[in-house]
$ cat target-v5.csv   # CSV, N, CA and C atoms
chain,number,residue,atom,x,y,z
D,1,MET,N,165.3,-206.1,59.7
D,1,MET,CA,164.9,-205.4,60.9
D,1,MET,C,165.6,-204.0,60.9
D,2,ARG,N,166.8,-204.0,60.5
D,2,ARG,CA,167.6,-202.7,60.5
D,2,ARG,C,167.0,-201.7,59.6
D,3,VAL,N,166.5,-202.1,58.5
D,3,VAL,CA,165.8,-201.2,57.5
D,3,VAL,C,164.6,-200.5,58.1
D,4,LEU,N,163.8,-201.3,58.9
D,4,LEU,CA,162.7,-200.7,59.6
D,4,LEU,C,163.1,-199.6,60.6
D,5,VAL,N,164.2,-199.8,61.3
D,5,VAL,CA,164.6,-198.8,62.2
D,5,VAL,C,165.0,-197.5,61.5
D,6,GLU,N,165.8,-197.7,60.4
D,6,GLU,CA,166.2,-196.5,59.6
D,6,GLU,C,165.0,-195.8,59.0
D,7,ALA,N,164.0,-196.5,58.6
D,7,ALA,CA,162.9,-195.9,58.0
D,7,ALA,C,162.1,-195.1,59.1
D,8,SER,N,162.1,-195.7,60.3
D,8,SER,CA,161.4,-195.0,61.4
D,8,SER,C,162.1,-193.7,61.7
D,9,GLY,N,163.5,-193.7,61.7
D,9,GLY,CA,164.3,-192.6,62.0
D,9,GLY,C,164.0,-191.5,61.0
D,10,ASN,N,163.9,-191.9,59.7
D,10,ASN,CA,163.7,-190.9,58.7
D,10,ASN,C,162.3,-190.3,58.8
D,11,ASP,N,161.3,-191.1,59.2
D,11,ASP,CA,160.0,-190.6,59.4
D,11,ASP,C,159.9,-189.6,60.5
D,12,LEU,N,160.6,-189.9,61.6
D,12,LEU,CA,160.7,-189.0,62.7
D,12,LEU,C,161.3,-187.7,62.3
D,13,LEU,N,162.4,-187.7,61.6
D,13,LEU,CA,163.1,-186.5,61.1
D,13,LEU,C,162.1,-185.7,60.2
D,14,ARG,N,161.5,-186.4,59.3
D,14,ARG,CA,160.6,-185.7,58.4
D,14,ARG,C,159.4,-185.1,59.2
D,15,ARG,N,158.8,-185.8,60.1
D,15,ARG,CA,157.8,-185.3,60.9
D,15,ARG,C,158.2,-184.1,61.8
D,16,GLY,N,159.5,-184.1,62.2
D,16,GLY,CA,160.0,-183.0,63.0
D,16,GLY,C,160.1,-181.7,62.1
D,17,ARG,N,160.5,-181.9,60.9
D,17,ARG,CA,160.5,-180.7,60.0
D,17,ARG,C,159.1,-180.2,59.7
D,18,VAL,N,158.2,-181.1,59.5
D,18,VAL,CA,156.8,-180.8,59.2
D,18,VAL,C,156.2,-180.1,60.5
D,19,ALA,N,156.5,-180.6,61.6
D,19,ALA,CA,155.9,-180.1,62.9
D,19,ALA,C,156.5,-178.7,63.1
D,20,ARG,N,157.8,-178.5,62.9
D,20,ARG,CA,158.4,-177.1,63.0
D,20,ARG,C,157.7,-176.1,62.0
D,21,ALA,N,157.5,-176.6,60.8
D,21,ALA,CA,156.9,-175.7,59.8
D,21,ALA,C,155.5,-175.4,60.2
D,22,GLY,N,154.8,-176.4,60.7
D,22,GLY,CA,153.4,-176.1,61.2
D,22,GLY,C,153.4,-175.1,62.4
D,23,TRP,N,154.3,-175.3,63.3
D,23,TRP,CA,154.3,-174.4,64.5
D,23,TRP,C,154.7,-173.0,64.0
D,24,LEU,N,155.6,-172.9,63.0
D,24,LEU,CA,156.0,-171.6,62.5
D,24,LEU,C,154.8,-170.9,61.8
D,25,MET,N,154.1,-171.7,61.0
D,25,MET,CA,152.9,-171.1,60.3
D,25,MET,C,151.9,-170.6,61.3
D,26,LEU,N,151.6,-171.4,62.3
D,26,LEU,CA,150.6,-171.0,63.3
D,26,LEU,C,151.1,-169.8,64.0
D,27,GLY,N,152.4,-169.7,64.4
D,27,GLY,CA,152.9,-168.6,65.1
D,27,GLY,C,152.8,-167.3,64.2
D,28,MET,N,153.1,-167.4,62.9
D,28,MET,CA,153.0,-166.3,62.0
D,28,MET,C,151.6,-165.8,61.9
D,29,ALA,N,150.6,-166.8,61.8
D,29,ALA,CA,149.2,-166.4,61.7
D,29,ALA,C,148.7,-165.7,63.0
D,30,LEU,N,149.2,-166.1,64.1
D,30,LEU,CA,148.8,-165.5,65.4
D,30,LEU,C,149.4,-164.1,65.5
D,31,VAL,N,150.6,-163.9,65.0
D,31,VAL,CA,151.2,-162.6,64.9
D,31,VAL,C,150.4,-161.6,64.0
D,32,VAL,N,150.0,-162.2,62.8
D,32,VAL,CA,149.2,-161.4,61.9
D,32,VAL,C,147.9,-161.0,62.5
D,33,ILE,N,147.2,-161.9,63.2
D,33,ILE,CA,146.0,-161.6,63.9
D,33,ILE,C,146.2,-160.5,65.0
D,34,GLY,N,147.3,-160.7,65.7
D,34,GLY,CA,147.7,-159.7,66.7
D,34,GLY,C,147.9,-158.3,66.1
D,35,PHE,N,148.6,-158.3,65.0
D,35,PHE,CA,148.8,-157.0,64.3
D,35,PHE,C,147.5,-156.4,63.9
D,36,VAL,N,146.5,-157.2,63.4
D,36,VAL,CA,145.2,-156.7,63.0
D,36,VAL,C,144.6,-156.1,64.3
D,37,GLY,N,144.8,-156.7,65.4
D,37,GLY,CA,144.2,-156.2,66.7
D,37,GLY,C,144.7,-154.9,67.1
D,38,ILE,N,145.8,-154.4,66.5
D,38,ILE,CA,146.2,-153.0,66.8
D,38,ILE,C,145.2,-152.0,66.3
D,39,PHE,N,144.6,-152.4,65.2
D,39,PHE,CA,143.7,-151.4,64.5
D,39,PHE,C,142.2,-151.7,64.7
D,40,VAL,N,141.9,-152.9,65.2
D,40,VAL,CA,140.5,-153.3,65.4
D,40,VAL,C,140.2,-153.3,66.8
D,41,PRO,N,139.2,-152.5,67.2
D,41,PRO,CA,138.9,-152.4,68.7
D,41,PRO,C,138.3,-153.8,69.2
D,42,LEU,N,138.6,-154.0,70.4
D,42,LEU,CA,138.2,-155.3,71.1
D,42,LEU,C,138.9,-156.5,70.6
D,43,LEU,N,139.8,-156.4,69.7
D,43,LEU,CA,140.6,-157.6,69.3
D,43,LEU,C,142.0,-157.5,70.0
D,44,PRO,N,142.2,-158.4,70.9
D,44,PRO,CA,143.4,-158.3,71.8
D,44,PRO,C,144.7,-158.6,71.0
D,45,THR,N,145.6,-157.7,71.0
D,45,THR,CA,146.9,-157.9,70.4
D,45,THR,C,147.8,-158.8,71.2
D,46,THR,N,148.0,-158.4,72.5
D,46,THR,CA,149.0,-159.1,73.3
D,46,THR,C,148.6,-160.6,73.5
D,47,ASP,N,147.3,-160.9,73.6
D,47,ASP,CA,146.8,-162.2,73.8
D,47,ASP,C,147.3,-163.1,72.6
D,48,PHE,N,147.2,-162.6,71.4
D,48,PHE,CA,147.6,-163.4,70.2
D,48,PHE,C,149.1,-163.5,70.2
D,49,LEU,N,149.8,-162.5,70.6
D,49,LEU,CA,151.3,-162.6,70.7
D,49,LEU,C,151.7,-163.6,71.8
D,50,LEU,N,151.0,-163.7,72.9
D,50,LEU,CA,151.3,-164.7,73.9
D,50,LEU,C,151.1,-166.1,73.3
D,51,LEU,N,150.1,-166.3,72.5
D,51,LEU,CA,149.8,-167.6,71.9
D,51,LEU,C,150.9,-167.9,70.9
D,52,ALA,N,151.5,-166.9,70.2
D,52,ALA,CA,152.5,-167.1,69.2
D,52,ALA,C,153.8,-167.5,69.8
D,53,LEU,N,154.1,-167.1,71.1
D,53,LEU,CA,155.4,-167.4,71.7
D,53,LEU,C,155.7,-168.9,71.8
D,54,PRO,N,154.8,-169.7,72.3
D,54,PRO,CA,155.2,-171.1,72.3
D,54,PRO,C,155.3,-171.7,70.9
D,55,CYS,N,154.6,-171.2,70.0
D,55,CYS,CA,154.7,-171.7,68.6
D,55,CYS,C,156.1,-171.4,68.1
D,56,PHE,N,156.6,-170.2,68.3
D,56,PHE,CA,158.0,-169.8,67.9
D,56,PHE,C,159.0,-170.6,68.7
D,57,ALA,N,158.7,-170.9,70.0
D,57,ALA,CA,159.7,-171.6,70.8
D,57,ALA,C,159.9,-173.0,70.2
D,58,ARG,N,158.9,-173.5,69.5
D,58,ARG,CA,159.0,-174.9,68.9
D,58,ARG,C,159.5,-174.8,67.5
D,59,SER,N,159.6,-173.6,66.9
D,59,SER,CA,159.9,-173.6,65.5
D,59,SER,C,161.1,-172.6,65.2
D,60,SER,N,161.1,-171.5,65.8
D,60,SER,CA,162.1,-170.4,65.4
D,60,SER,C,162.5,-169.6,66.7
D,61,PRO,N,163.6,-170.0,67.3
D,61,PRO,CA,164.1,-169.2,68.4
D,61,PRO,C,164.4,-167.7,68.1
D,62,ARG,N,164.7,-167.5,66.8
D,62,ARG,CA,165.0,-166.1,66.4
D,62,ARG,C,163.7,-165.3,66.5
D,63,LEU,N,162.6,-165.8,66.0
D,63,LEU,CA,161.3,-165.1,66.1
D,63,LEU,C,160.8,-165.0,67.5
D,64,GLU,N,161.1,-166.0,68.3
D,64,GLU,CA,160.7,-166.0,69.7
D,64,GLU,C,161.5,-164.8,70.4
D,65,GLY,N,162.8,-164.7,70.1
D,65,GLY,CA,163.6,-163.6,70.7
D,65,GLY,C,163.1,-162.3,70.2
D,66,TRP,N,162.7,-162.2,68.9
D,66,TRP,CA,162.2,-160.9,68.4
D,66,TRP,C,160.9,-160.5,69.2
D,67,LEU,N,160.0,-161.4,69.4
D,67,LEU,CA,158.8,-161.1,70.2
D,67,LEU,C,159.2,-160.7,71.6
D,68,LEU,N,160.0,-161.4,72.3
D,68,LEU,CA,160.4,-161.2,73.7
D,68,LEU,C,161.1,-159.8,73.8
D,69,ASN,N,161.8,-159.4,72.8
D,69,ASN,CA,162.6,-158.2,72.8
D,69,ASN,C,161.9,-157.0,72.1
D,70,HIS,N,160.7,-157.2,71.7
D,70,HIS,CA,160.0,-156.1,71.0
D,70,HIS,C,159.8,-154.9,72.0
D,71,PRO,N,160.1,-153.7,71.5
D,71,PRO,CA,160.0,-152.6,72.5
D,71,PRO,C,158.6,-152.3,73.1
D,72,ARG,N,157.6,-152.6,72.3
D,72,ARG,CA,156.2,-152.3,72.8
D,72,ARG,C,155.6,-153.5,73.6
D,73,TYR,N,155.7,-154.7,73.0
D,73,TYR,CA,155.0,-155.8,73.6
D,73,TYR,C,155.9,-156.8,74.4
D,74,GLY,N,157.2,-156.6,74.2
D,74,GLY,CA,158.2,-157.5,74.9
D,74,GLY,C,158.1,-157.5,76.4
D,75,PRO,N,158.0,-156.3,77.1
D,75,PRO,CA,157.9,-156.4,78.5
D,75,PRO,C,156.7,-157.2,79.1
D,76,SER,N,155.5,-157.0,78.4
D,76,SER,CA,154.3,-157.7,78.9
D,76,SER,C,154.5,-159.2,78.6
D,77,LEU,N,155.1,-159.6,77.5
D,77,LEU,CA,155.3,-161.0,77.2
D,77,LEU,C,156.3,-161.6,78.1
D,78,ARG,N,157.4,-160.9,78.4
D,78,ARG,CA,158.3,-161.4,79.4
D,78,ARG,C,157.7,-161.6,80.8
D,79,ALA,N,156.9,-160.6,81.2
D,79,ALA,CA,156.3,-160.6,82.5
D,79,ALA,C,155.4,-161.8,82.6
D,80,TRP,N,154.6,-162.1,81.6
D,80,TRP,CA,153.7,-163.3,81.6
D,80,TRP,C,154.5,-164.6,81.7
D,81,ARG,N,155.6,-164.6,80.8
D,81,ARG,CA,156.4,-165.9,80.8
D,81,ARG,C,157.1,-166.1,82.1
D,82,THR,N,157.6,-165.1,82.7
D,82,THR,CA,158.4,-165.4,83.9
D,82,THR,C,157.6,-165.4,85.2
D,83,GLU,N,156.6,-164.5,85.3
D,83,GLU,CA,155.8,-164.4,86.6
D,83,GLU,C,154.4,-164.7,86.4
D,84,ARG,N,153.9,-165.0,85.2
D,84,ARG,CA,152.4,-165.1,85.0
D,84,ARG,C,151.7,-163.8,85.4
D,85,ALA,N,152.4,-162.7,85.2
D,85,ALA,CA,151.9,-161.4,85.7
D,85,ALA,C,151.3,-160.6,84.5
D,86,VAL,N,150.3,-159.8,84.9
D,86,VAL,CA,149.6,-158.9,84.0
D,86,VAL,C,149.7,-157.5,84.5
D,87,PRO,N,150.1,-156.5,83.7
D,87,PRO,CA,150.2,-155.1,84.2
D,87,PRO,C,148.8,-154.6,84.5
D,88,ARG,N,148.8,-153.6,85.4
D,88,ARG,CA,147.5,-153.0,85.9
D,88,ARG,C,146.7,-152.4,84.7
D,89,HIS,N,147.4,-151.7,83.8
D,89,HIS,CA,146.7,-151.1,82.7
D,89,HIS,C,146.0,-152.2,81.8
D,90,ALA,N,146.7,-153.3,81.7
D,90,ALA,CA,146.1,-154.4,80.9
D,90,ALA,C,144.9,-155.0,81.6
D,91,LYS,N,144.9,-155.1,82.9
D,91,LYS,CA,143.8,-155.6,83.6
D,91,LYS,C,142.6,-154.7,83.5
D,92,ILE,N,142.8,-153.4,83.6
D,92,ILE,CA,141.8,-152.4,83.4
D,92,ILE,C,141.2,-152.5,82.0
D,93,ALA,N,142.1,-152.5,81.0
D,93,ALA,CA,141.6,-152.6,79.6
D,93,ALA,C,140.8,-153.8,79.4
D,94,ALA,N,141.3,-155.0,79.9
D,94,ALA,CA,140.6,-156.2,79.7
D,94,ALA,C,139.2,-156.2,80.3
D,95,CYS,N,139.1,-155.7,81.5
D,95,CYS,CA,137.8,-155.6,82.2
D,95,CYS,C,136.8,-154.7,81.5
D,96,PHE,N,137.4,-153.5,81.1
D,96,PHE,CA,136.6,-152.6,80.3
D,96,PHE,C,136.1,-153.2,79.0
D,97,GLY,N,137.0,-153.8,78.3
D,97,GLY,CA,136.6,-154.5,77.0
D,97,GLY,C,135.6,-155.5,77.2
D,98,MET,N,135.7,-156.3,78.3
D,98,MET,CA,134.7,-157.4,78.5
D,98,MET,C,133.3,-156.7,78.9
D,99,ALA,N,133.3,-155.7,79.7
D,99,ALA,CA,132.1,-155.0,80.0
D,99,ALA,C,131.4,-154.4,78.8
D,100,LEU,N,132.3,-153.7,78.0
D,100,LEU,CA,131.7,-153.1,76.8
D,100,LEU,C,131.2,-154.2,75.8
D,101,GLY,N,131.9,-155.3,75.7
D,101,GLY,CA,131.5,-156.4,74.8
D,101,GLY,C,130.2,-157.0,75.3
D,102,TYR,N,130.1,-157.1,76.6
D,102,TYR,CA,128.8,-157.7,77.2
D,102,TYR,C,127.7,-156.7,77.0
D,103,GLY,N,127.9,-155.4,77.2
D,103,GLY,CA,126.9,-154.4,76.9
D,103,GLY,C,126.4,-154.4,75.5
D,104,LEU,N,127.3,-154.5,74.5
D,104,LEU,CA,127.0,-154.5,73.1
D,104,LEU,C,126.2,-155.8,72.8
D,105,PHE,N,126.6,-156.9,73.4
D,105,PHE,CA,126.0,-158.2,73.2
D,105,PHE,C,124.5,-158.1,73.7
D,106,TRP,N,124.3,-157.6,74.9
D,106,TRP,CA,123.0,-157.5,75.4
D,106,TRP,C,122.1,-156.5,74.7
D,107,PHE,N,122.7,-155.4,74.3
D,107,PHE,CA,121.9,-154.3,73.6
D,107,PHE,C,121.4,-154.8,72.3
D,108,HIS,N,122.3,-155.4,71.5
D,108,HIS,CA,122.0,-155.7,70.1
D,108,HIS,C,121.2,-157.0,70.0
D,109,LEU,N,121.5,-158.0,70.9
D,109,LEU,CA,120.8,-159.3,70.7
D,109,LEU,C,119.6,-159.5,71.6
D,110,ARG,N,119.5,-158.8,72.7
D,110,ARG,CA,118.4,-158.9,73.7
D,110,ARG,C,118.2,-160.4,73.9
D,111,PRO,N,119.2,-161.2,74.4
D,111,PRO,CA,119.0,-162.6,74.6
D,111,PRO,C,118.1,-162.9,75.8
D,112,GLY,N,117.7,-164.1,75.9
D,112,GLY,CA,116.9,-164.6,77.0
D,112,GLY,C,117.7,-164.6,78.3
D,113,LEU,N,117.0,-164.8,79.4
D,113,LEU,CA,117.7,-164.8,80.7
D,113,LEU,C,118.8,-165.8,80.8
D,114,LEU,N,118.6,-167.0,80.3
D,114,LEU,CA,119.6,-168.1,80.4
D,114,LEU,C,120.9,-167.7,79.7
D,115,LEU,N,120.8,-167.3,78.5
D,115,LEU,CA,122.0,-166.9,77.7
D,115,LEU,C,122.6,-165.7,78.3
D,116,THR,N,121.8,-164.7,78.7
D,116,THR,CA,122.4,-163.5,79.3
D,116,THR,C,123.2,-163.9,80.6
D,117,SER,N,122.6,-164.7,81.4
D,117,SER,CA,123.3,-165.2,82.7
D,117,SER,C,124.5,-166.0,82.4
D,118,ALA,N,124.5,-166.9,81.4
D,118,ALA,CA,125.6,-167.7,81.1
D,118,ALA,C,126.8,-166.8,80.6
D,119,VAL,N,126.5,-165.9,79.7
D,119,VAL,CA,127.6,-165.0,79.1
D,119,VAL,C,128.1,-164.1,80.2
D,120,ALA,N,127.3,-163.6,81.1
D,120,ALA,CA,127.7,-162.8,82.2
D,120,ALA,C,128.6,-163.6,83.2
D,121,ALA,N,128.2,-164.8,83.5
D,121,ALA,CA,129.0,-165.6,84.4
D,121,ALA,C,130.4,-166.0,83.8
D,122,PHE,N,130.4,-166.3,82.5
D,122,PHE,CA,131.6,-166.6,81.8
D,122,PHE,C,132.5,-165.4,81.8
D,123,MET,N,132.0,-164.2,81.5
D,123,MET,CA,132.9,-163.0,81.5
D,123,MET,C,133.3,-162.6,82.9
D,124,LEU,N,132.5,-162.8,83.8
D,124,LEU,CA,132.8,-162.5,85.2
D,124,LEU,C,133.9,-163.4,85.7
D,125,PHE,N,133.8,-164.7,85.4
D,125,PHE,CA,134.9,-165.6,85.7
D,125,PHE,C,136.2,-165.2,85.2
D,126,TRP,N,136.3,-164.8,83.9
D,126,TRP,CA,137.6,-164.4,83.4
D,126,TRP,C,138.0,-163.0,83.9
D,127,ALA,N,137.1,-162.2,84.1
D,127,ALA,CA,137.5,-160.9,84.7
D,127,ALA,C,138.1,-161.1,86.1
D,128,ILE,N,137.5,-161.9,86.9
D,128,ILE,CA,138.1,-162.2,88.2
D,128,ILE,C,139.5,-162.9,88.1
D,129,TRP,N,139.6,-163.8,87.1
D,129,TRP,CA,140.9,-164.5,86.9
D,129,TRP,C,142.0,-163.5,86.5
D,130,ILE,N,141.6,-162.6,85.6
D,130,ILE,CA,142.6,-161.6,85.2
D,130,ILE,C,143.0,-160.6,86.3
D,131,VAL,N,142.0,-160.1,87.1
D,131,VAL,CA,142.3,-159.2,88.2
D,131,VAL,C,143.2,-159.9,89.2
D,132,ARG,N,143.0,-161.2,89.4
D,132,ARG,CA,143.8,-161.9,90.4
D,132,ARG,C,145.2,-162.2,90.0
D,133,ARG,N,145.6,-162.0,88.8
D,133,ARG,CA,147.0,-162.2,88.3
D,133,ARG,C,147.9,-161.2,89.0
D,134,PRO,N,149.1,-161.6,89.4
D,134,PRO,CA,150.0,-160.6,90.0
D,134,PRO,C,150.4,-159.6,89.0
D,135,GLU,N,150.9,-158.5,89.5
D,135,GLU,CA,151.4,-157.4,88.6
D,135,GLU,C,152.9,-157.6,88.5
D,136,PRO,N,153.5,-157.3,87.3
D,136,PRO,CA,154.9,-157.5,87.1
D,136,PRO,C,155.8,-156.8,88.2
D,137,GLY,N,156.8,-157.6,88.7
D,137,GLY,CA,157.7,-157.0,89.7
D,137,GLY,C,157.2,-157.0,91.1
D,138,VAL,N,155.9,-157.4,91.3
D,138,VAL,CA,155.3,-157.4,92.7
D,138,VAL,C,155.4,-158.8,93.2
D,139,SER,N,156.1,-159.1,94.2
D,139,SER,CA,156.2,-160.4,94.7
D,139,SER,C,155.0,-160.7,95.7
D,140,ARG,N,154.6,-161.9,95.7
D,140,ARG,CA,153.4,-162.3,96.5
D,140,ARG,C,153.9,-162.5,97.9

$ encode --input "target-v5.csv" --output "structure tokens"
Amino acid sequence: MRVLVEASGNDLLRRGRVARAGWLMLGMALVVIGFVGIFVPLLPTTDFLLLALPCFARSSPRLEGWLLNHPRYGPSLRAWRTERAVPRHAKIAACFGMALGYGLFWFHLRPGLLLTSAVAAFMLFWAIWIVRRPEPGVSR
């Protein structure tokens, strides 16, 4: 019976290392995609960095700290983490990007009424959600 308990403990330890490595790889992949977003229009950089934060929290506190203290992206990431807040310029950029994306979608694909309405409703929902987020440092 004792051997089974020790084997289970080793399995848990091994799975912990594997899980941390998986979270680390996922976090690094998200940072790479975010980096590509710096150069590719309509690919959001901060969104991918926000997704990388919990990955690094589970795998590498040093990389999590690096992201949170980054001179360019750190303030937005900290504001989201502490207040679930989005800066005004980011709200404007997000809404503009969604409107532009919808316009390109409609112009190039000329979808039917059902698909056009569904995509418009989806984007409108998220635009309203983003606009309703508080701004950093503004208490409700």

$ atom_distance --input "target-v5.csv" --atom1 "atom CA of Thr82 of chain D" --atom2 "atom C of Arg17 of chain D"
28.4 Å

$ atom_distance --input "target-v5.csv" --atom1 "atom N of Asp47 of chain D" --atom2 "atom C of Leu104 of chain D"
21.7 Å

$ atom_distance --input "target-v5.csv" --atom1 "atom CA of Arg81 of chain D" --atom2 "atom C of Ala19 of chain D"
21.8 Å

$ residues_around --input "target-v5.csv" --residues "Gly22 of chain D" --least-positions-apart "6" --cutoff "10 Å" --atoms "only C-alpha atoms" --output "PyMOL selection string"
chain D and resi 16+28+55+58-59

$ closest_residue --input "target-v5.csv" --among "D:Ala99, D:Leu24, D:Leu77, D:Ala52" --to "Met123 of chain D" --atoms "all atoms listed in the file"
D:Ala99
